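Student: Quick one: the structure is below, and I'll ask about it shortly.
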Amino acid sequence: GGVDALTVAAVAERAGMAVGSIYRRFGDKEGLLLAIQHAFTENLQAEITERMSVERLRLLRDPAVAIAEAVGAITDAFRAHEALLRVFLLLGTRHEAVRVEGSRVSVEGKRYFTEALRHTPVAHPDPEAALDFAFRLVYATIAHRITQGEFLESDRPLPWNELRSHLQTAVISYLLGTPDGR
């Protein structure tokens, strides 16, 4: 029934716990939502960082392959958890605490992305800024897709696998530039 239909009583019943136990542990519905969000985002972050760990990406000698793997890790994880991400992304527009937690995790995700690709020869005067922008491009595109759907800005279908491929190509081109340096 969505977040608005969620009640502490319903959660307690489903968990086989007393309502008072839920209130003692989480305080209120918002505390419960934040606990769910925190557990979910920690698991999501672990899933992504495992796929784009520094050690793993350094084994991929081709910088384009390493970038594609990092972008693919984010895209695949977000796609796999699309429904719950939609709840928290949209809820964050109405609840400050949810937005703050989502922002914290996103900034941490950017830090992992940057660290994982630090060894990549970025073709920009400011590699840190370029990696920051690349992460923002990927994150914003996927978050937009999750919250708004496939057809908001175009009537042309763009399945997840194609979105992933186009994002990989765009980020590789942006970070590595062309062979002549332009």
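Identifiers for the structure tokens are assigned positionally: chains receive A, B, ... in sequence, residues are indexed from 1 per chain, and ligands are indexed from 1 in the order shown.
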Need to verify the contact set: stretch 54-57 of chain A, 8 Å, only C-alpha atoms, exclusion of same-chain residues closer than 6 positions in sequence. Can you return it as a ChimeraX atom specification?
Tutor: /A:66,69-70,115-117
Student: Sort by chain and increasing residue number a table of all residues of stretch 83-117 of chain A within 12 Å of stretch 127-132 of chain A, each with its closest pair of atoms and their distance in Å to one decimal, counting only C-alpha atoms, and write it as CSV.
Tutor:
residue,atom,partner,partner_atom,distance
A:Ser106,CA,A:Asp132,CA,11.5
A:Val107,CA,A:Asp132,CA,9.8
A:Glu108,CA,A:Asp132,CA,11.6
A:Gly109,CA,A:Asp132,CA,10.6
A:Lys110,CA,A:Asp132,CA,6.8
A:Arg111,CA,A:Asp132,CA,8.5
A:Tyr112,CA,A:Leu131,CA,10.7
A:Phe113,CA,A:Leu131,CA,7.8
A:Thr114,CA,A:Leu131,CA,5.8
A:Glu115,CA,A:Leu131,CA,9.4
A:Ala116,CA,A:Leu131,CA,10.3
A:Leu117,CA,A:Leu131,CA,7.9
Student: Given only C-alpha atoms, how would the per-residue table for stretch 79-121 of chain A near stretch 60-64 of chain A read, listing every residue at most 9 Å away with its closest atom pair and distance in Å to one decimal, sorted by chain and number, as a Markdown table?
Tutor:
| residue | atom | partner | partner_atom | distance |
| --- | --- | --- | --- | --- |
| A:Leu117 | CA | A:Pro63 | CA | 8.4 |
| A:His119 | CA | A:Pro63 | CA | 8.5 |
| A:Thr120 | CA | A:Pro63 | CA | 5.6 |
| A:Pro121 | CA | A:Pro63 | CA | 7.3 |
Student: Go ahead and save the residues from that selection, with all heavy atoms, as a PDB file, in the first residue's frame.
Tutor:
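So the final result, stored in result23.pdb, reads:
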ATOM      1  N   LEU A 117      37.919   4.357  -9.334  1.00  0.00           N
ATOM      2  CA  LEU A 117      38.426   4.748 -10.660  1.00  0.00           C
ATOM      3  C   LEU A 117      39.615   5.714 -10.588  1.00  0.00           C
ATOM      4  O   LEU A 117      40.044   6.242 -11.603  1.00  0.00           O
ATOM      5  CB  LEU A 117      37.289   5.363 -11.480  1.00  0.00           C
ATOM      6  CG  LEU A 117      36.168   4.387 -11.844  1.00  0.00           C
ATOM      7  CD1 LEU A 117      35.037   5.103 -12.564  1.00  0.00           C
ATOM      8  CD2 LEU A 117      36.703   3.226 -12.684  1.00  0.00           C
ATOM      9  N   HIS A 119      42.678   5.195 -10.341  1.00  0.00           N
ATOM     10  CA  HIS A 119      43.818   4.741 -11.161  1.00  0.00           C
ATOM     11  C   HIS A 119      43.584   4.950 -12.664  1.00  0.00           C
ATOM     12  O   HIS A 119      44.493   4.791 -13.464  1.00  0.00           O
ATOM     13  CB  HIS A 119      44.093   3.259 -10.883  1.00  0.00           C
ATOM     14  CG  HIS A 119      43.025   2.353 -11.424  1.00  0.00           C
ATOM     15  ND1 HIS A 119      41.811   2.177 -10.782  1.00  0.00           N
ATOM     16  CD2 HIS A 119      42.973   1.606 -12.547  1.00  0.00           C
ATOM     17  CE1 HIS A 119      41.070   1.338 -11.487  1.00  0.00           C
ATOM     18  NE2 HIS A 119      41.742   0.977 -12.562  1.00  0.00           N
ATOM     19  N   THR A 120      42.372   5.321 -13.041  1.00  0.00           N
ATOM     20  CA  THR A 120      42.017   5.495 -14.452  1.00  0.00           C
ATOM     21  C   THR A 120      42.610   6.807 -14.971  1.00  0.00           C
ATOM     22  O   THR A 120      42.485   7.838 -14.316  1.00  0.00           O
ATOM     23  CB  THR A 120      40.476   5.529 -14.604  1.00  0.00           C
ATOM     24  OG1 THR A 120      39.950   4.337 -14.026  1.00  0.00           O
ATOM     25  CG2 THR A 120      40.060   5.620 -16.052  1.00  0.00           C
ATOM     26  N   PRO A 121      43.217   6.779 -16.139  1.00  0.00           N
ATOM     27  CA  PRO A 121      43.801   8.005 -16.705  1.00  0.00           C
ATOM     28  C   PRO A 121      42.723   8.931 -17.270  1.00  0.00           C
ATOM     29  O   PRO A 121      42.394   8.890 -18.449  1.00  0.00           O
ATOM     30  CB  PRO A 121      44.721   7.476 -17.807  1.00  0.00           C
ATOM     31  CG  PRO A 121      44.090   6.186 -18.234  1.00  0.00           C
ATOM     32  CD  PRO A 121      43.450   5.616 -16.996  1.00  0.00           C
TER      33      PRO A 121
END
Student: So that I can see what lies close to A:Phe78, please list as an MDAnalysis selection string the residues with an atom at most 12 Å from it, counting only C-alpha atoms and leaving out residues fewer than 5 positions away in the same chain.
Tutor: chainID A and resid 40:41 43:45 47:48 71:73 83:86 89 138:147 160 164
Student: Could you write out that same residue set with N, CA, C and O atoms as a tab-separated table (two decimals), in the first residue's frame?
Tutor:
chain	number	residue	atom	x	y	z
A	40	PHE	N	18.48	-0.87	4.26
A	40	PHE	CA	18.43	-1.07	2.81
A	40	PHE	C	19.61	-0.42	2.11
A	40	PHE	O	20.28	-1.04	1.28
A	41	THR	N	19.88	0.84	2.44
A	41	THR	CA	20.96	1.55	1.74
A	41	THR	C	22.33	0.98	2.07
A	41	THR	O	23.22	0.95	1.22
A	43	ASN	N	22.95	-2.21	2.65
A	43	ASN	CA	23.05	-3.42	1.84
A	43	ASN	C	23.27	-3.09	0.37
A	43	ASN	O	24.07	-3.74	-0.31
A	44	LEU	N	22.58	-2.08	-0.12
A	44	LEU	CA	22.75	-1.66	-1.51
A	44	LEU	C	24.17	-1.17	-1.75
A	44	LEU	O	24.81	-1.54	-2.74
A	45	GLN	N	24.67	-0.35	-0.85
A	45	GLN	CA	26.03	0.17	-0.97
A	45	GLN	C	27.05	-0.97	-0.96
A	45	GLN	O	28.01	-0.96	-1.73
A	47	GLU	N	26.59	-4.03	-1.90
A	47	GLU	CA	26.46	-4.74	-3.18
A	47	GLU	C	27.22	-4.00	-4.29
A	47	GLU	O	27.94	-4.62	-5.07
A	48	ILE	N	27.06	-2.70	-4.34
A	48	ILE	CA	27.72	-1.91	-5.39
A	48	ILE	C	29.23	-1.89	-5.17
A	48	ILE	O	30.00	-2.12	-6.11
A	71	VAL	N	30.11	1.76	-13.76
A	71	VAL	CA	28.79	2.27	-14.16
A	71	VAL	C	27.77	1.13	-14.15
A	71	VAL	O	26.64	1.30	-13.68
A	72	GLY	N	28.16	-0.02	-14.64
A	72	GLY	CA	27.27	-1.18	-14.64
A	72	GLY	C	26.90	-1.63	-13.25
A	72	GLY	O	25.76	-2.04	-13.01
A	73	ALA	N	27.83	-1.55	-12.30
A	73	ALA	CA	27.55	-1.95	-10.92
A	73	ALA	C	26.44	-1.09	-10.33
A	73	ALA	O	25.51	-1.59	-9.70
A	83	ALA	N	12.00	-0.81	-7.05
A	83	ALA	CA	10.75	-0.49	-6.34
A	83	ALA	C	11.01	0.18	-5.00
A	83	ALA	O	10.40	1.21	-4.68
A	84	LEU	N	11.93	-0.36	-4.21
A	84	LEU	CA	12.21	0.23	-2.90
A	84	LEU	C	12.96	1.56	-3.05
A	84	LEU	O	12.71	2.51	-2.30
A	85	LEU	N	13.83	1.65	-4.02
A	85	LEU	CA	14.51	2.93	-4.27
A	85	LEU	C	13.51	4.02	-4.64
A	85	LEU	O	13.63	5.17	-4.19
A	86	ARG	N	12.52	3.67	-5.44
A	86	ARG	CA	11.48	4.65	-5.81
A	86	ARG	C	10.80	5.19	-4.56
A	86	ARG	O	10.60	6.40	-4.42
A	89	LEU	N	13.41	7.52	-2.77
A	89	LEU	CA	13.70	8.73	-3.55
A	89	LEU	C	12.52	9.70	-3.50
A	89	LEU	O	12.70	10.91	-3.32
A	138	VAL	N	25.49	9.53	-13.88
A	138	VAL	CA	24.96	8.17	-13.74
A	138	VAL	C	23.84	8.16	-12.70
A	138	VAL	O	22.73	7.67	-12.96
A	139	TYR	N	24.11	8.71	-11.53
A	139	TYR	CA	23.13	8.69	-10.44
A	139	TYR	C	21.85	9.42	-10.84
A	139	TYR	O	20.75	8.90	-10.66
A	140	ALA	N	21.99	10.62	-11.39
A	140	ALA	CA	20.81	11.41	-11.75
A	140	ALA	C	19.98	10.73	-12.83
A	140	ALA	O	18.75	10.72	-12.77
A	141	THR	N	20.64	10.16	-13.80
A	141	THR	CA	19.93	9.48	-14.89
A	141	THR	C	19.14	8.29	-14.36
A	141	THR	O	17.96	8.11	-14.69
A	142	ILE	N	19.78	7.50	-13.52
A	142	ILE	CA	19.12	6.31	-12.98
A	142	ILE	C	18.01	6.70	-12.01
A	142	ILE	O	16.91	6.13	-12.03
A	143	ALA	N	18.27	7.67	-11.14
A	143	ALA	CA	17.25	8.11	-10.19
A	143	ALA	C	16.04	8.67	-10.94
A	143	ALA	O	14.89	8.42	-10.57
A	144	HIS	N	16.29	9.42	-12.00
A	144	HIS	CA	15.20	9.95	-12.82
A	144	HIS	C	14.39	8.81	-13.42
A	144	HIS	O	13.16	8.83	-13.40
A	145	ARG	N	15.07	7.82	-13.92
A	145	ARG	CA	14.40	6.66	-14.52
A	145	ARG	C	13.54	5.94	-13.49
A	145	ARG	O	12.39	5.56	-13.76
A	146	ILE	N	14.07	5.79	-12.30
A	146	ILE	CA	13.35	5.08	-11.25
A	146	ILE	C	12.12	5.86	-10.79
A	146	ILE	O	11.05	5.28	-10.61
A	147	THR	N	12.26	7.15	-10.62
A	147	THR	CA	11.15	7.94	-10.09
A	147	THR	C	10.13	8.34	-11.15
A	147	THR	O	8.95	8.49	-10.86
A	160	TRP	N	16.26	-1.08	-19.69
A	160	TRP	CA	17.36	-0.95	-18.75
A	160	TRP	C	18.70	-1.34	-19.36
A	160	TRP	O	19.70	-0.66	-19.13
A	164	ARG	N	21.82	1.21	-19.58
A	164	ARG	CA	23.13	0.84	-19.00
A	164	ARG	C	24.24	1.01	-20.02
A	164	ARG	O	25.26	1.63	-19.75
Student: Using only C-alpha atoms, which residues of stretch 108-151 of chain A come within 7 Å of stretch 170-175 of chain A, and what is the closest atom pair for each, with the distance in Å to one decimal? Give it as a tab-separated table, sorted by chain and residue number.
Tutor:
residue	atom	partner	partner_atom	distance
A:Val122	CA	A:Leu175	CA	5.1
A:Ala123	CA	A:Leu175	CA	5.8
A:Ala130	CA	A:Leu175	CA	6.7
A:Ala134	CA	A:Val171	CA	6.0
Student: Taking C-alpha atoms for each residue, export the selection above as a PDB file, in the first residue's frame.
Tutor:
ATOM      1  CA  VAL A 122      41.074  10.669 -16.804  1.00  0.00           C
ATOM      2  CA  ALA A 123      41.492  13.044 -19.755  1.00  0.00           C
ATOM      3  CA  ALA A 130      35.408  14.843 -13.859  1.00  0.00           C
ATOM      4  CA  ALA A 134      30.479  11.267 -14.111  1.00  0.00           C
TER       5      ALA A 134
END
Student: Need to verify the contact set: stretch 3-13 of chain A, 9 Å, only C-alpha atoms, exclusion of same-chain residues closer than 6 positions in sequence. Can you return it as a list in words?
Tutor: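 Counting only C-alpha atoms, the residues come to Val19, Gly20, Ser21, Ile22, Tyr23, Asp28, Lys29, Leu32, Leu33, Val87 and Leu91 of chain A.
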Student: What does the structure give for the distance between atom CA of A:Leu176 and atom CA of A:Pro159, in Å to one decimal?
Tutor: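 Going from atom CA of A:Leu176 over to atom CA of A:Pro159, I get 25.7 Å.
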Student: Rounded to one decimal in Å, what is the spacing between atom CA of A:Ser103 and atom CA of A:Glu153?
Tutor: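 Between these atoms lies a distance of 24.8 Å.
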Student: Of the candidates A:Arg24, A:Arg79, A:Arg14, A:Arg118, which shows the shortest atom-to-atom distance to A:Leu163, using only C-alpha atoms?
Tutor: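 Looking at the shortest contact to A:Leu163, the residue is A:Arg79.
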Student: Please give the complete set of residues from chain A that DSSP, run on the backbone, assigns to alpha helix (DSSP H), formatted as a ChimeraX atom specification.
Tutor: /A:8-15,19-26,29-51,54-59,63-80,82-91,96-116,127-148,160-176
Student: Can you work out which one of A:Leu158, A:Ala80, A:Ala39, A:Met52 has the shortest atom-to-atom distance to A:Ala68, counting only C-alpha atoms?
Tutor: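 Using only C-alpha atoms, the shortest distance to A:Ala68 belongs to A:Met52.
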